[in-house]
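Single-structure report; data block below.
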Amino acid sequence: GAGVSQSPRYKVAKRGQDVALRCDPISGHVSLFWYQQALGQGPEFLTYFQNEAQLDKSGLPSDRFFAERPEGSVSTLKIQRTQQEDSAVYLCASLIGAGASETQYFGPGTRLLVL
Amino acid sequence: DQQVKQNSPSLSVQEGRISILNCDYTNSMFDYFLWYKKYPAEGPTFLISISSIKDKNEDGRFTVFLNKSAKHLSLHIVPSQPGDSAVYFCAASAGNQFYFGTGTSLTVIP
């Protein structure tokens with residue numbers, strides 16, 4: 001496909017359950033970003049990969065959040081022991097190069113609801 | 001602390017008229033600015049961008065203006081069409097860090 005894809009599109013989890021969210025970036029894109037978007041807010045940065053290297057994880061809200069991109073393409077965002085405050089849309093974006101003055105392209109997002 | 005601000009949560013415009021969406025930022029290190037459009041249940045779609053070395057960039061009906069001294073950018077849509085109805089986010093970047101505003105919901109009335 002030509003764009004960024006994410007799966008699942010919707011996820012309902014019980015509090016305390018672990019979840020894994022997948023992102024397939026545009027083929028050949030070096031950089032990959034994860035964002036969390038709460039209702040009525042803009043996307044907020046979680047973490048950034050350049051190829052397989054996680055260069056910035058300063059936005060991850062707690063150690064329950066973990067992201068990986070082992071082969072420099074597909075990425076997984078894992079949330080352990082989910083809490084109700086984790087309910088949000090999780091967006092993945094990729095861009096072709098290393099980031100400076102470049103455009104990010106977003107996937108459709110995964111809407112997570114923690115009950 | 002919100003580094004990128006969109007102070008108007010919503011805007012309504014008649015079809016055919018100009019839509020002006022505004023965005024303010026606080027970090028003088030931002031060197032690249034973008035506008036995204038978002039429909040419900042979809043991810044943000046890139047619309048137009050501008051580098052800090054420019055003060056205007058135009059693409060069809062969309063023009064972005066950057067006023068660095070005021071730390072302000074705006075998106076002009078002329079003429080507005082009903083299909084432009086969506087939430088518009090501005091974003092600013094410095095290196096690999098991207099910061100987004102909270103969005104402005106534009107409604108174009110036929």
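Note on naming: chains are A, B, ... as they come in the structure tokens, residues start from 1 per chain, ligands start from 1 in the order shown.
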
How close does region 58-99 of chain A get to region 45-50 of chain A? List, as a Markdown table, each residue of region 58-99 of chain A within 8 Å, its nearest atom pair and the distance in Å to one decimal, counting only C-alpha atoms.
| residue | atom | partner | partner_atom | distance |
| --- | --- | --- | --- | --- |
| A:Ser58 | CA | A:Thr47 | CA | 6.6 |
| A:Gly59 | CA | A:Leu46 | CA | 3.9 |
| A:Leu60 | CA | A:Leu46 | CA | 4.8 |
| A:Pro61 | CA | A:Leu46 | CA | 7.6 |
| A:Ala67 | CA | A:Thr47 | CA | 7.7 |
| A:Arg69 | CA | A:Phe49 | CA | 7.4 |
| A:Gly72 | CA | A:Gln50 | CA | 7.6 |
| A:Ala98 | CA | A:Gln50 | CA | 6.8 |

Can you write out the residues you just picked, keeping N, CA and C atoms, as a PDB file, in the first residue's frame?
ATOM      1  N   SER A  58      11.160  10.269  25.068  1.00  0.00           N
ATOM      2  CA  SER A  58      10.858  11.195  26.158  1.00  0.00           C
ATOM      3  C   SER A  58       9.364  11.418  26.367  1.00  0.00           C
ATOM      4  N   GLY A  59       8.563  11.128  25.357  1.00  0.00           N
ATOM      5  CA  GLY A  59       7.127  11.362  25.484  1.00  0.00           C
ATOM      6  C   GLY A  59       6.345  10.198  26.057  1.00  0.00           C
ATOM      7  N   LEU A  60       6.967   9.053  26.239  1.00  0.00           N
ATOM      8  CA  LEU A  60       6.253   7.904  26.794  1.00  0.00           C
ATOM      9  C   LEU A  60       5.825   8.233  28.219  1.00  0.00           C
ATOM     10  N   PRO A  61       4.532   8.111  28.538  1.00  0.00           N
ATOM     11  CA  PRO A  61       4.037   8.618  29.821  1.00  0.00           C
ATOM     12  C   PRO A  61       4.457   7.802  31.042  1.00  0.00           C
ATOM     13  N   ALA A  67       7.984   0.669  23.019  1.00  0.00           N
ATOM     14  CA  ALA A  67       7.883   0.630  21.565  1.00  0.00           C
ATOM     15  C   ALA A  67       9.130  -0.012  20.988  1.00  0.00           C
ATOM     16  N   ARG A  69      11.027  -1.329  16.997  1.00  0.00           N
ATOM     17  CA  ARG A  69      11.043  -1.346  15.531  1.00  0.00           C
ATOM     18  C   ARG A  69      12.259  -2.175  15.118  1.00  0.00           C
ATOM     19  N   GLY A  72      13.616  -2.027  11.506  1.00  0.00           N
ATOM     20  CA  GLY A  72      13.615  -0.732  10.848  1.00  0.00           C
ATOM     21  C   GLY A  72      12.436  -0.480   9.942  1.00  0.00           C
ATOM     22  N   ALA A  98      15.568  11.872   7.799  1.00  0.00           N
ATOM     23  CA  ALA A  98      15.921  11.924   9.208  1.00  0.00           C
ATOM     24  C   ALA A  98      15.158  12.982   9.975  1.00  0.00           C
TER      25      ALA A  98
END

- Message: Counting only C-alpha atoms, a student should be able to say which residues of chain A come within 12 Å of chain B; what is the right answer, written as a ChimeraX atom specification?
- Response: /A:3-6,9-10,30-50,55-59,89-95,97-111

- Item | Spatial neighbours of Lys71 (chain B), max dist 8 Å, only C-alpha atoms, sep filter under 4 positions, as a list of chain:residue names | B:Asp24, B:Tyr25, B:Thr26, B:Ser28, B:Leu66, B:Asn67

- Nearest to Leu11 (chain B): which of B:Val108, B:Ser74, B:Pro79, B:Lys56 is it, counting only C-alpha atoms? B:Val108

- Item | Which of chain B fall in strand (DSSP E or B), as JSON, numbers by chain | {"B": [4, 5, 10, 11, 12, 13, 14, 19, 20, 21, 22, 23, 24, 25, 32, 33, 34, 35, 36, 37, 38, 45, 46, 47, 48, 49, 50, 51, 56, 57, 58, 59, 62, 63, 64, 65, 66, 67, 72, 73, 74, 75, 76, 77, 86, 87, 88, 89, 90, 91, 92, 93, 94, 97, 98, 99, 100, 104, 105, 106, 107, 108, 109]}

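By only C-alpha atoms, and with residues fewer than 5 positions from Val12 (chain A) along its chain excluded, the set lying at most 9 Å from it is Arg111, Leu112, Leu113, Val114 and Leu115 of chain A.
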